[in-house]
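K.L.:
Input: one structure, supplied below.
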Amino acid sequence: MKLLDKIGVISPNALKLFASCPGKFYYRYCEQIPIPSLDKNFITGKNIHAIASYMLKGVGIEIFENALTAYEKELWNFLKSNKYFSYDIVGIEKSISCKTGDFWIGGRLDALVKNGNDYYILDYKTGGLKENMVFDYQTMVYLCACDSLISEYDNLSFVYLDLKNKKEIKIDFTNELKNQYTDKLNNMCKKIEEFNIDNLKKCDNKKCEYFKICKN
């Protein structure tokens with residue numbers, strides 16, 4: 001059975017998971033067996049994302065701010081002071097998608113704002129960032145999807161707001177990157193389409209969440 005038979009739009013997380021382990025991808029997205037996410041950073045991230053969404057929607061947030069922990073308040077104070085929150089709002093917690101080759105890719109962005117005809121995809125990270133986010137699957141998918149969605153703009157950028165380290169990383173979309181992203185995304189989607197679960201071999205990683213049910 002092809003892995004894409006049960007999946008519609010392929011998300012950045014799905015692409016990352018397949019790249020790390022096709023077996024994990026199969027159990028998570030085809031058999032729909034979730035991976036537990038109960039760590040402290042996960043909960044902190046949900047709280048920060050929620051309060052940011054409320055503020056951008058114009059909902060009073062004082063009661064939510066008062067409920068934040070001291071550490072969460074530190075992260076939130078950095079986030080709410082960023083210049084992008086003063087720009088015009090295009091979408092909040094917005095689902096986006098586009099077709100690349102024969103495949104649909106997409107996800108749900110934190111916010112999309114614009115200043116004149118310059119557009120910025122915003123993503124809040126409470127756990128820090130990797131060294132190079134230019135070819136991260138989230139970067140590639142979101143920029144390609146917003147490029148398809150907006151079509152006419154002067155500039156399109158992906159802005160990662162690293163709350164843990166109090167910095168931002170801005171990636172400007174170019175035609176060169178668009179071509180590279182399209183090739184990389186198509187190649188990975190083709191690998192997913194061609195993968196056969198019957199050929200999966202069980203690894204010896206006993207710390208894997210799916211080790212006990214993984215195919216022998």
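Following the order of the structure tokens, first chain is A, next is B, and so on, with residues numbered from 1 inside each chain and ligands from 1 in the order they appear.
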As a list in words, please: the residues near Lys191 in chain A (cut-off 12 Å, only C-alpha atoms, same-chain neighbours under 2 positions excluded).

P.N.:
Lys2, Leu3, Leu4, Leu15, Phe18, Ala19, Pro22, Phe103, Lys184, Leu185, Asn186, Asn187, Met188, Cys189, Glu193, Glu194, Phe195 and Asn196 of chain A

K.L.:
Go ahead and dump the residues you just picked, N, CA, C and O atoms, as a CSV table (one decimal), in the first residue's frame.

P.N.:
```csv
chain,number,residue,atom,x,y,z
A,2,LYS,N,0.6,2.2,-0.9
A,2,LYS,CA,1.3,3.4,-0.9
A,2,LYS,C,0.9,4.3,0.3
A,2,LYS,O,-0.2,4.4,0.7
A,3,LEU,N,1.9,5.0,0.9
A,3,LEU,CA,1.7,5.8,2.1
A,3,LEU,C,0.7,7.0,1.8
A,3,LEU,O,0.1,7.4,2.7
A,4,LEU,N,0.7,7.5,0.6
A,4,LEU,CA,-0.2,8.6,0.3
A,4,LEU,C,-1.6,8.3,0.1
A,4,LEU,O,-2.5,9.1,-0.1
A,15,LEU,N,6.6,15.6,6.3
A,15,LEU,CA,7.8,15.5,5.5
A,15,LEU,C,9.0,15.2,6.4
A,15,LEU,O,9.9,14.4,6.1
A,18,PHE,N,9.0,11.6,7.8
A,18,PHE,CA,9.3,10.6,6.8
A,18,PHE,C,10.8,10.6,6.5
A,18,PHE,O,11.5,9.6,6.4
A,19,ALA,N,11.4,11.8,6.5
A,19,ALA,CA,12.9,12.0,6.3
A,19,ALA,C,13.7,11.3,7.4
A,19,ALA,O,14.7,10.7,7.2
A,22,PRO,N,10.7,6.5,7.7
A,22,PRO,CA,9.4,6.1,7.0
A,22,PRO,C,8.4,5.3,7.9
A,22,PRO,O,7.2,5.5,7.7
A,103,PHE,N,1.4,16.5,-6.2
A,103,PHE,CA,1.2,16.4,-4.7
A,103,PHE,C,0.7,17.7,-4.1
A,103,PHE,O,1.1,18.8,-4.5
A,184,LYS,N,13.1,20.0,-4.2
A,184,LYS,CA,13.2,19.2,-3.0
A,184,LYS,C,11.9,18.6,-2.5
A,184,LYS,O,11.8,17.5,-2.1
A,185,LEU,N,10.9,19.4,-2.6
A,185,LEU,CA,9.5,18.9,-2.1
A,185,LEU,C,9.0,17.8,-3.0
A,185,LEU,O,8.4,16.8,-2.5
A,186,ASN,N,9.1,18.0,-4.3
A,186,ASN,CA,8.7,17.0,-5.3
A,186,ASN,C,9.4,15.7,-5.1
A,186,ASN,O,8.8,14.6,-5.1
A,187,ASN,N,10.7,15.8,-4.9
A,187,ASN,CA,11.5,14.6,-4.7
A,187,ASN,C,11.1,13.8,-3.4
A,187,ASN,O,11.0,12.6,-3.4
A,188,MET,N,10.9,14.6,-2.3
A,188,MET,CA,10.5,13.9,-1.1
A,188,MET,C,9.1,13.3,-1.2
A,188,MET,O,8.9,12.2,-0.7
A,189,CYS,N,8.2,14.0,-1.8
A,189,CYS,CA,6.8,13.5,-2.0
A,189,CYS,C,6.9,12.2,-2.9
A,189,CYS,O,6.1,11.3,-2.6
A,193,GLU,N,5.5,8.5,-1.9
A,193,GLU,CA,4.6,7.8,-2.8
A,193,GLU,C,5.1,6.4,-3.1
A,193,GLU,O,4.3,5.4,-3.2
A,194,GLU,N,6.4,6.3,-3.3
A,194,GLU,CA,7.0,5.0,-3.8
A,194,GLU,C,7.3,4.1,-2.6
A,194,GLU,O,7.6,2.9,-2.9
A,195,PHE,N,7.3,4.6,-1.4
A,195,PHE,CA,7.6,3.7,-0.3
A,195,PHE,C,6.6,2.6,-0.1
A,195,PHE,O,5.4,2.9,-0.1
A,196,ASN,N,7.0,1.4,0.2
A,196,ASN,CA,6.1,0.3,0.5
A,196,ASN,C,6.3,-0.2,1.9
A,196,ASN,O,7.4,-0.6,2.2
```

K.L.:
Identify all residues of range 80-176 of chain A in strand (DSSP E or B) (DSSP on the backbone) and supply them as a PyMOL selection string.

P.N.:
chain A and resi 88-100+103-115+118-125+155-162+167-172

K.L.:
Which residues come within 9 Å of range 54-71 of chain A, counting only C-alpha atoms, excluding same-chain residues fewer than 6 positions away, as a ChimeraX atom specification?

P.N.:
/A:44,47-48,80,85,89,92,111

K.L.:
Name the closest residue to Ser151 in chain A among the candidates A:Phe135, A:Asp172, A:Lys83, A:Cys98; distances are taken between atoms, counting only C-alpha atoms.

P.N.:
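Closest to Ser151 in chain A of all the choices is A:Cys98.
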
K.L.:
Using only C-alpha atoms, which protein or nucleic acid residues come within 12 Å of Lys201 in chain A? Drop anything in the same chain fewer than 2 positions from it, and give the result as a list in words.

P.N.:
Cys21, Pro22, Gly23, Lys24, Asn196, Ile197, Asp198, Asn199, Cys203, Asp204, Asn205, Phe211, Cys214, Lys215 and Asn216 of chain A

K.L.:
Between A:Leu163, A:Ile105, A:Cys146, A:Ile169, which residue has the minimum interatomic distance to Ile121 in chain A, considering only C-alpha atoms?

P.N.:
A:Cys146

K.L.:
List every residue of range 70-156 of chain A that DSSP, applied to the backbone of this structure, assigns to alpha helix (DSSP H), and report them as a list in words.

P.N.:
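Going through range 70-156 of chain A, the alpha helix (DSSP H) residues come out as Ala70, Tyr71, Glu72, Lys73, Glu74, Leu75, Trp76, Asn77, Phe78, Leu79, Lys80, Tyr137, Gln138, Thr139, Met140, Val141, Tyr142, Leu143, Cys144, Ala145, Cys146, Asp147, Ser148, Leu149 and Ile150 of chain A.
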
K.L.:
May I ask which of the residues A:Tyr119, A:Tyr181, A:Tyr84, A:Tyr124 is the closest one to Ser157 in chain A, counting only C-alpha atoms?

P.N.:
A:Tyr119

K.L.:
Check the smallest atom-to-atom distance from each of A:Ile213, A:Ile96, A:Val159, A:Leu122 to Ser11 in chain A using only C-alpha atoms, then report the winner.

P.N.:
A:Ile96

K.L.:
Please identify all polymer residues within 10 Å of Phe78 in chain A, counting only C-alpha atoms, omitting same-chain residues fewer than 2 positions from it, and present them as a PDB file with all heavy atoms, in the first residue's frame.

P.N.:
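Writing the result to out-v7.pdb gives the following:
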```
ATOM      1  N   LYS A  73       5.847  34.623  30.547  1.00  0.00           N
ATOM      2  CA  LYS A  73       5.729  36.076  30.427  1.00  0.00           C
ATOM      3  C   LYS A  73       6.968  36.670  29.768  1.00  0.00           C
ATOM      4  O   LYS A  73       6.872  37.612  28.976  1.00  0.00           O
ATOM      5  CB  LYS A  73       5.513  36.710  31.803  1.00  0.00           C
ATOM      6  CG  LYS A  73       4.118  36.502  32.374  1.00  0.00           C
ATOM      7  CD  LYS A  73       3.969  37.148  33.738  1.00  0.00           C
ATOM      8  CE  LYS A  73       2.567  36.909  34.286  1.00  0.00           C
ATOM      9  NZ  LYS A  73       2.407  37.487  35.653  1.00  0.00           N
ATOM     10  N   GLU A  74       8.131  36.113  30.091  1.00  0.00           N
ATOM     11  CA  GLU A  74       9.373  36.584  29.479  1.00  0.00           C
ATOM     12  C   GLU A  74       9.341  36.358  27.968  1.00  0.00           C
ATOM     13  O   GLU A  74       9.692  37.238  27.182  1.00  0.00           O
ATOM     14  CB  GLU A  74      10.562  35.843  30.097  1.00  0.00           C
ATOM     15  CG  GLU A  74      11.905  36.265  29.539  1.00  0.00           C
ATOM     16  CD  GLU A  74      13.057  35.474  30.120  1.00  0.00           C
ATOM     17  OE1 GLU A  74      12.855  34.800  31.149  1.00  0.00           O
ATOM     18  OE2 GLU A  74      14.154  35.515  29.536  1.00  0.00           O
ATOM     19  N   LEU A  75       8.893  35.167  27.561  1.00  0.00           N
ATOM     20  CA  LEU A  75       8.782  34.864  26.135  1.00  0.00           C
ATOM     21  C   LEU A  75       7.733  35.755  25.467  1.00  0.00           C
ATOM     22  O   LEU A  75       7.952  36.287  24.367  1.00  0.00           O
ATOM     23  CB  LEU A  75       8.424  33.395  25.929  1.00  0.00           C
ATOM     24  CG  LEU A  75       9.374  32.337  26.489  1.00  0.00           C
ATOM     25  CD1 LEU A  75       8.864  30.939  26.142  1.00  0.00           C
ATOM     26  CD2 LEU A  75      10.784  32.528  25.953  1.00  0.00           C
ATOM     27  N   TRP A  76       6.609  35.917  26.135  1.00  0.00           N
ATOM     28  CA  TRP A  76       5.508  36.679  25.575  1.00  0.00           C
ATOM     29  C   TRP A  76       5.868  38.155  25.416  1.00  0.00           C
ATOM     30  O   TRP A  76       5.541  38.783  24.401  1.00  0.00           O
ATOM     31  CB  TRP A  76       4.257  36.531  26.439  1.00  0.00           C
ATOM     32  CG  TRP A  76       3.146  37.451  26.065  1.00  0.00           C
ATOM     33  CD1 TRP A  76       2.546  38.399  26.840  1.00  0.00           C
ATOM     34  CD2 TRP A  76       2.498  37.545  24.787  1.00  0.00           C
ATOM     35  NE1 TRP A  76       1.576  39.067  26.144  1.00  0.00           N
ATOM     36  CE2 TRP A  76       1.525  38.553  24.882  1.00  0.00           C
ATOM     37  CE3 TRP A  76       2.660  36.868  23.589  1.00  0.00           C
ATOM     38  CZ2 TRP A  76       0.708  38.907  23.816  1.00  0.00           C
ATOM     39  CZ3 TRP A  76       1.843  37.218  22.513  1.00  0.00           C
ATOM     40  CH2 TRP A  76       0.874  38.226  22.640  1.00  0.00           C
ATOM     41  N   LYS A  80       5.389  39.955  21.806  1.00  0.00           N
ATOM     42  CA  LYS A  80       4.385  40.991  21.536  1.00  0.00           C
ATOM     43  C   LYS A  80       5.009  42.334  21.170  1.00  0.00           C
ATOM     44  O   LYS A  80       4.322  43.210  20.648  1.00  0.00           O
ATOM     45  CB  LYS A  80       3.450  41.149  22.732  1.00  0.00           C
ATOM     46  CG  LYS A  80       4.040  41.824  23.947  1.00  0.00           C
ATOM     47  CD  LYS A  80       2.973  41.983  25.026  1.00  0.00           C
ATOM     48  CE  LYS A  80       3.517  42.672  26.253  1.00  0.00           C
ATOM     49  NZ  LYS A  80       2.467  42.827  27.302  1.00  0.00           N
ATOM     50  N   SER A  81       6.312  42.494  21.423  1.00  0.00           N
ATOM     51  CA  SER A  81       6.977  43.752  21.088  1.00  0.00           C
ATOM     52  C   SER A  81       7.541  43.770  19.668  1.00  0.00           C
ATOM     53  O   SER A  81       8.091  44.784  19.237  1.00  0.00           O
ATOM     54  CB  SER A  81       8.117  44.023  22.080  1.00  0.00           C
ATOM     55  OG  SER A  81       9.142  43.046  21.937  1.00  0.00           O
ATOM     56  N   ASN A  82       7.397  42.662  18.914  1.00  0.00           N
ATOM     57  CA  ASN A  82       7.972  42.624  17.563  1.00  0.00           C
ATOM     58  C   ASN A  82       7.197  43.546  16.620  1.00  0.00           C
ATOM     59  O   ASN A  82       5.992  43.743  16.769  1.00  0.00           O
ATOM     60  CB  ASN A  82       8.006  41.184  17.036  1.00  0.00           C
ATOM     61  CG  ASN A  82       6.684  40.746  16.458  1.00  0.00           C
ATOM     62  OD1 ASN A  82       6.373  40.997  15.291  1.00  0.00           O
ATOM     63  ND2 ASN A  82       5.868  40.094  17.282  1.00  0.00           N
ATOM     64  N   LEU A 161      10.389  33.800  14.729  1.00  0.00           N
ATOM     65  CA  LEU A 161      10.621  34.547  15.954  1.00  0.00           C
ATOM     66  C   LEU A 161      11.036  33.562  17.035  1.00  0.00           C
ATOM     67  O   LEU A 161      10.215  32.812  17.574  1.00  0.00           O
ATOM     68  CB  LEU A 161       9.358  35.319  16.340  1.00  0.00           C
ATOM     69  CG  LEU A 161       8.956  36.401  15.319  1.00  0.00           C
ATOM     70  CD1 LEU A 161       7.560  36.925  15.601  1.00  0.00           C
ATOM     71  CD2 LEU A 161       9.960  37.539  15.308  1.00  0.00           C
ATOM     72  N   ASP A 162      12.340  33.535  17.302  1.00  0.00           N
ATOM     73  CA  ASP A 162      12.933  32.606  18.266  1.00  0.00           C
ATOM     74  C   ASP A 162      12.806  33.232  19.653  1.00  0.00           C
ATOM     75  O   ASP A 162      13.618  34.077  20.049  1.00  0.00           O
ATOM     76  CB  ASP A 162      14.399  32.375  17.890  1.00  0.00           C
ATOM     77  CG  ASP A 162      15.098  31.391  18.820  1.00  0.00           C
ATOM     78  OD1 ASP A 162      14.539  31.062  19.892  1.00  0.00           O
ATOM     79  OD2 ASP A 162      16.221  30.967  18.490  1.00  0.00           O
ATOM     80  N   LEU A 163      11.792  32.822  20.404  1.00  0.00           N
ATOM     81  CA  LEU A 163      11.513  33.435  21.701  1.00  0.00           C
ATOM     82  C   LEU A 163      12.530  33.008  22.751  1.00  0.00           C
ATOM     83  O   LEU A 163      12.872  33.783  23.645  1.00  0.00           O
ATOM     84  CB  LEU A 163      10.097  33.061  22.167  1.00  0.00           C
ATOM     85  CG  LEU A 163       8.969  33.267  21.138  1.00  0.00           C
ATOM     86  CD1 LEU A 163       7.627  33.042  21.787  1.00  0.00           C
ATOM     87  CD2 LEU A 163       9.045  34.637  20.496  1.00  0.00           C
ATOM     88  N   LYS A 164      13.015  31.792  22.648  1.00  0.00           N
ATOM     89  CA  LYS A 164      13.976  31.282  23.628  1.00  0.00           C
ATOM     90  C   LYS A 164      15.260  32.091  23.614  1.00  0.00           C
ATOM     91  O   LYS A 164      15.799  32.436  24.669  1.00  0.00           O
ATOM     92  CB  LYS A 164      14.281  29.811  23.334  1.00  0.00           C
ATOM     93  CG  LYS A 164      15.267  29.181  24.299  1.00  0.00           C
ATOM     94  CD  LYS A 164      15.513  27.720  23.949  1.00  0.00           C
ATOM     95  CE  LYS A 164      16.518  27.099  24.909  1.00  0.00           C
ATOM     96  NZ  LYS A 164      16.769  25.664  24.565  1.00  0.00           N
ATOM     97  N   ASN A 165      15.750  32.405  22.426  1.00  0.00           N
ATOM     98  CA  ASN A 165      17.017  33.132  22.279  1.00  0.00           C
ATOM     99  C   ASN A 165      16.827  34.604  21.938  1.00  0.00           C
ATOM    100  O   ASN A 165      17.794  35.307  21.672  1.00  0.00           O
ATOM    101  CB  ASN A 165      17.870  32.457  21.201  1.00  0.00           C
ATOM    102  CG  ASN A 165      18.210  31.028  21.571  1.00  0.00           C
ATOM    103  OD1 ASN A 165      18.823  30.770  22.595  1.00  0.00           O
ATOM    104  ND2 ASN A 165      17.781  30.075  20.736  1.00  0.00           N
ATOM    105  N   LYS A 166      15.574  35.035  21.912  1.00  0.00           N
ATOM    106  CA  LYS A 166      15.220  36.444  21.669  1.00  0.00           C
ATOM    107  C   LYS A 166      15.868  36.987  20.393  1.00  0.00           C
ATOM    108  O   LYS A 166      16.589  37.987  20.401  1.00  0.00           O
ATOM    109  CB  LYS A 166      15.594  37.297  22.880  1.00  0.00           C
ATOM    110  CG  LYS A 166      14.793  36.960  24.143  1.00  0.00           C
ATOM    111  CD  LYS A 166      15.165  37.860  25.296  1.00  0.00           C
ATOM    112  CE  LYS A 166      14.270  37.609  26.490  1.00  0.00           C
ATOM    113  NZ  LYS A 166      14.253  36.211  26.940  1.00  0.00           N
ATOM    114  N   LYS A 167      15.576  36.334  19.295  1.00  0.00           N
ATOM    115  CA  LYS A 167      16.083  36.790  18.014  1.00  0.00           C
ATOM    116  C   LYS A 167      15.108  36.391  16.915  1.00  0.00           C
ATOM    117  O   LYS A 167      14.182  35.603  17.146  1.00  0.00           O
ATOM    118  CB  LYS A 167      17.464  36.193  17.730  1.00  0.00           C
ATOM    119  CG  LYS A 167      17.478  34.685  17.541  1.00  0.00           C
ATOM    120  CD  LYS A 167      18.884  34.193  17.229  1.00  0.00           C
ATOM    121  CE  LYS A 167      18.891  32.694  16.960  1.00  0.00           C
ATOM    122  NZ  LYS A 167      20.256  32.197  16.633  1.00  0.00           N
TER     123      LYS A 167
END
```

K.L.:
What lies within 12 Å of Leu156 in chain A using only C-alpha atoms, ignoring chain neighbours under 4 positions off, as a PyMOL selection string?

P.N.:
chain A and resi 112-122+139+142-152+170-175+177-178

K.L.:
Please dump the current selection as a CSV table (one decimal), in the first residue's frame; keep N, CA, C and O atoms.

P.N.:
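Resulting contents of selection31.csv:
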```csv
chain,number,residue,atom,x,y,z
A,112,LEU,N,0.0,35.6,9.1
A,112,LEU,CA,0.4,36.2,7.8
A,112,LEU,C,0.1,37.7,7.9
A,112,LEU,O,-1.1,38.0,8.1
A,113,VAL,N,1.1,38.6,7.8
A,113,VAL,CA,0.8,40.0,7.8
A,113,VAL,C,1.5,40.7,6.6
A,113,VAL,O,2.3,40.1,5.9
A,114,LYS,N,1.1,41.9,6.4
A,114,LYS,CA,1.7,42.7,5.3
A,114,LYS,C,1.9,44.1,5.7
A,114,LYS,O,1.2,44.7,6.5
A,115,ASN,N,3.0,44.7,5.0
A,115,ASN,CA,3.3,46.1,5.2
A,115,ASN,C,3.4,46.6,3.8
A,115,ASN,O,4.4,46.4,3.1
A,116,GLY,N,2.3,47.4,3.3
A,116,GLY,CA,2.3,47.7,1.9
A,116,GLY,C,2.0,46.5,1.1
A,116,GLY,O,1.1,45.7,1.4
A,117,ASN,N,2.9,46.2,0.2
A,117,ASN,CA,2.8,45.0,-0.6
A,117,ASN,C,3.9,43.9,-0.3
A,117,ASN,O,4.2,43.1,-1.1
A,118,ASP,N,4.5,44.1,0.9
A,118,ASP,CA,5.4,43.2,1.4
A,118,ASP,C,4.8,42.3,2.4
A,118,ASP,O,4.1,42.7,3.4
A,119,TYR,N,4.8,41.0,2.2
A,119,TYR,CA,4.2,40.0,3.0
A,119,TYR,C,5.1,39.2,3.9
A,119,TYR,O,6.3,38.9,3.5
A,120,TYR,N,4.7,38.9,5.1
A,120,TYR,CA,5.6,38.2,6.1
A,120,TYR,C,4.8,37.0,6.7
A,120,TYR,O,3.7,37.2,7.3
A,121,ILE,N,5.3,35.9,6.6
A,121,ILE,CA,4.8,34.7,7.3
A,121,ILE,C,5.5,34.7,8.7
A,121,ILE,O,6.7,34.7,8.8
A,122,LEU,N,4.7,34.6,9.8
A,122,LEU,CA,5.3,34.6,11.1
A,122,LEU,C,5.1,33.3,11.7
A,122,LEU,O,4.1,32.6,11.6
A,139,THR,N,9.7,26.0,6.3
A,139,THR,CA,10.0,27.2,5.4
A,139,THR,C,9.6,26.9,4.0
A,139,THR,O,9.0,27.8,3.4
A,142,TYR,N,5.6,26.5,3.5
A,142,TYR,CA,4.8,27.7,3.8
A,142,TYR,C,5.1,28.8,2.7
A,142,TYR,O,4.2,29.5,2.3
A,143,LEU,N,6.4,29.0,2.3
A,143,LEU,CA,6.7,30.0,1.3
A,143,LEU,C,6.1,29.6,0.0
A,143,LEU,O,5.5,30.5,-0.7
A,144,CYS,N,6.2,28.4,-0.4
A,144,CYS,CA,5.6,28.0,-1.7
A,144,CYS,C,4.1,28.1,-1.7
A,144,CYS,O,3.5,28.6,-2.7
A,145,ALA,N,3.4,27.8,-0.6
A,145,ALA,CA,2.0,27.9,-0.5
A,145,ALA,C,1.5,29.3,-0.5
A,145,ALA,O,0.5,29.7,-1.1
A,146,CYS,N,2.2,30.2,0.3
A,146,CYS,CA,1.8,31.6,0.3
A,146,CYS,C,2.1,32.3,-1.1
A,146,CYS,O,1.4,33.2,-1.5
A,147,ASP,N,3.2,31.8,-1.7
A,147,ASP,CA,3.5,32.3,-3.1
A,147,ASP,C,2.3,32.0,-4.0
A,147,ASP,O,1.9,32.9,-4.8
A,148,SER,N,1.7,30.9,-3.9
A,148,SER,CA,0.6,30.5,-4.7
A,148,SER,C,-0.7,31.2,-4.3
A,148,SER,O,-1.5,31.6,-5.1
A,149,LEU,N,-0.8,31.4,-3.0
A,149,LEU,CA,-2.0,32.1,-2.4
A,149,LEU,C,-2.1,33.6,-2.8
A,149,LEU,O,-3.1,34.1,-3.2
A,150,ILE,N,-0.9,34.3,-2.6
A,150,ILE,CA,-0.9,35.7,-2.8
A,150,ILE,C,-0.7,36.1,-4.3
A,150,ILE,O,-1.4,37.0,-4.8
A,151,SER,N,0.1,35.4,-5.0
A,151,SER,CA,0.4,35.6,-6.4
A,151,SER,C,1.1,36.9,-6.7
A,151,SER,O,2.1,36.9,-7.4
A,152,GLU,N,0.5,38.0,-6.3
A,152,GLU,CA,1.1,39.3,-6.6
A,152,GLU,C,1.6,40.0,-5.4
A,152,GLU,O,0.8,40.4,-4.5
A,170,LYS,N,14.9,35.9,9.3
A,170,LYS,CA,14.1,36.3,8.2
A,170,LYS,C,14.6,35.7,6.9
A,170,LYS,O,15.8,35.8,6.6
A,171,ILE,N,13.8,34.9,6.2
A,171,ILE,CA,14.2,34.3,4.9
A,171,ILE,C,13.4,34.9,3.8
A,171,ILE,O,12.2,34.8,3.8
A,172,ASP,N,14.0,35.6,2.9
A,172,ASP,CA,13.4,36.2,1.7
A,172,ASP,C,13.2,35.2,0.6
A,172,ASP,O,14.2,34.6,0.2
A,173,PHE,N,12.0,35.1,0.1
A,173,PHE,CA,11.7,34.2,-1.0
A,173,PHE,C,12.2,34.8,-2.3
A,173,PHE,O,12.0,35.9,-2.7
A,174,THR,N,12.9,34.0,-3.1
A,174,THR,CA,13.4,34.4,-4.4
A,174,THR,C,13.1,33.3,-5.4
A,174,THR,O,12.7,32.2,-5.1
A,175,ASN,N,13.2,33.6,-6.7
A,175,ASN,CA,13.0,32.7,-7.8
A,175,ASN,C,13.9,31.5,-7.7
A,175,ASN,O,13.5,30.3,-7.9
A,177,LEU,N,15.3,30.3,-4.9
A,177,LEU,CA,14.8,29.4,-3.8
A,177,LEU,C,13.5,28.7,-4.2
A,177,LEU,O,13.3,27.5,-3.8
A,178,LYS,N,12.6,29.3,-4.9
A,178,LYS,CA,11.4,28.7,-5.4
A,178,LYS,C,11.7,27.4,-6.2
A,178,LYS,O,11.1,26.4,-6.0
```

K.L.:
Measuring atom to atom with only C-alpha atoms, identify which of A:Ile7, A:Leu109, A:Asp88, A:Asn179 is nearest to Glu31 in chain A.

P.N.:
A:Ile7

K.L.:
Would you compute the distance between CA of Lys130 in chain A and CA of Gly101 in chain A? Give it in Å to one decimal.

P.N.:
28.1 Å
